[in-house]
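Worksheet for the structure shown next.
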Amino acid sequence: MLNAQLVDWAFRLTKDVSLPDSDSLRRSRALFKEFPNATKPPFVTHGDTISSSTFWHGSKMDEWANAWTRYYTSGKGNYMVAAMEDTGTLQALTFLNQAGRVDLQRVLVLRTVSNYDREPPGTAVADSLKSLVSGNYSAYFPALEAAQIVGDKVVRDIVEHWSDRESSLPH
């Protein structure tokens, strides 16, 4: 579990950051008109991630992810995005914390979304999954750009205020 105060600080710092949009992204989003947040232009938000050892795709698996998140967080969590890669990173940071080499209270996780983890309404899951073959993620490069824009804002603030940040966390 991340430091909630640090997460809130980073969110407040970045929530109004303008992220690039494009006709291609608008076309992809239009397929998900039944999901209001999925149709919004790129934006910064915060929520819960879930990781597993198995890649999943489709609305049935999303139901599983939502149910598991609610269960694991005693109903407080709100599943927003899959985060397979973060499992190993956070496990390594946990071991480094136990060795006194990392402070887990200073860990932030930045996720950007490059594809939907479910099929568009009216599309078969298999067809949706097939469209992702060979890394055909609708927003791969825009997601990388968003990570750079948002991450840069946080890192610059920490560096510019290092005389304070070195000994105390932003709040």
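Residues in the structure tokens are numbered from 1 in each chain, the chains being A, B, ... in the order shown, and ligands are numbered from 1 in the order shown.
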Problem set entry | Sel. of strand (DSSP E or B) residues, stretch 25-134 of chain A, as a list in words |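 Of stretch 25-134 of chain A, the ones in strand (DSSP E or B) are Asp48, Thr49, Ile50, Tyr79, Met80, Val81 and Ala82 of chain A.
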Contact residues around A:Ala147 with only C-alpha atoms at 9 Å, ignoring same-chain residues under 6 positions, as a compact mmCIF listing (two decimals) with N, CA, C and O atoms, in the first residue's frame:
```txt
# COMPACT_ATOMS: atom_id res chain seq x y z
N LEU A 110 3.32 5.49 -11.09
CA LEU A 110 2.66 6.21 -12.19
C LEU A 110 2.31 5.20 -13.26
O LEU A 110 3.18 4.54 -13.82
N ARG A 111 1.02 5.06 -13.52
CA ARG A 111 0.55 4.17 -14.59
C ARG A 111 -0.08 5.03 -15.67
O ARG A 111 -0.80 5.98 -15.37
N THR A 112 0.18 4.71 -16.91
CA THR A 112 -0.54 5.33 -18.00
C THR A 112 -1.22 4.21 -18.78
O THR A 112 -0.80 3.07 -18.73
```
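Using only C-alpha atoms, the protein and nucleic acid residues lying no more than 12 Å from stretch 159-167 of chain A, apart from those fewer than 5 places from it along its own chain, are Leu6, Asp103, Arg106, Asp152, Lys153 and Val154 of chain A.
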Problem set entry | Neighbour list for A:Ser22 as a PyMOL selection string, cut-off 10 Å, only C-alpha atoms, skip fewer than 5 positions in-chain | chain A and resi 27+41-42+139+142
I need the chosen residues saved as a PDB file, in the first residue's frame, with N, CA and C atoms.
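Final output, again-v4.pdb:
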```
ATOM      1  N   ARG A  27     -11.243   8.261 -31.807  1.00  0.00           N
ATOM      2  CA  ARG A  27     -11.922   7.132 -32.466  1.00  0.00           C
ATOM      3  C   ARG A  27     -11.932   5.898 -31.560  1.00  0.00           C
ATOM      4  N   PRO A  41     -11.161  12.686 -22.822  1.00  0.00           N
ATOM      5  CA  PRO A  41      -9.798  12.910 -23.324  1.00  0.00           C
ATOM      6  C   PRO A  41      -8.794  12.505 -22.239  1.00  0.00           C
ATOM      7  N   PRO A  42      -7.535  12.288 -22.586  1.00  0.00           N
ATOM      8  CA  PRO A  42      -6.540  11.894 -21.580  1.00  0.00           C
ATOM      9  C   PRO A  42      -6.561  12.831 -20.372  1.00  0.00           C
ATOM     10  N   ALA A 139      -3.017   3.438 -27.765  1.00  0.00           N
ATOM     11  CA  ALA A 139      -2.430   4.670 -27.240  1.00  0.00           C
ATOM     12  C   ALA A 139      -1.038   4.439 -26.653  1.00  0.00           C
ATOM     13  N   PRO A 142       1.144   7.729 -27.065  1.00  0.00           N
ATOM     14  CA  PRO A 142       0.567   8.784 -26.215  1.00  0.00           C
ATOM     15  C   PRO A 142       0.698   8.462 -24.710  1.00  0.00           C
TER      16      PRO A 142
END
```
Exercise. What is the atom CA of A:Asn115 to atom CA of A:Glu34 distance in Å?
Worked result: 16.5 Å
Exercise. Which polymer residues have any atom within 12 Å of an atom of A:Thr14, counting only C-alpha atoms, with same-chain residues fewer than 6 positions away left out, as a count of residues only?
Worked result: 19
For this session: List the neighbours of stretch 62-67 of chain A out to 7 Å using only C-alpha atoms; skip same-chain residues closer than 3 positions along the sequence, and give me the result as a list in words.
Result: Ile50, Gly58, Ser59, Arg70, Tyr71, Tyr79 and Arg118 of chain A
Exercise. Quick one: of A:Gln105, A:Ser168, A:Asn97, A:Ser51, who's nearest to A:Glu85, counting only C-alpha atoms?
Worked result: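 That would be A:Ser51, the residue with the smallest distance to A:Glu85.
The space between atom CA of A:Gln98 and atom CA of A:Gly77 spans 26.4 Å.
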Exercise. Please, which residues of stretch 53-137 of chain A, numbered as in this document, come out helix (DSSP H, G or I) from DSSP, as a ChimeraX atom specification?
Worked result: /A:59-72,84-98,104-106,125-130,133-135
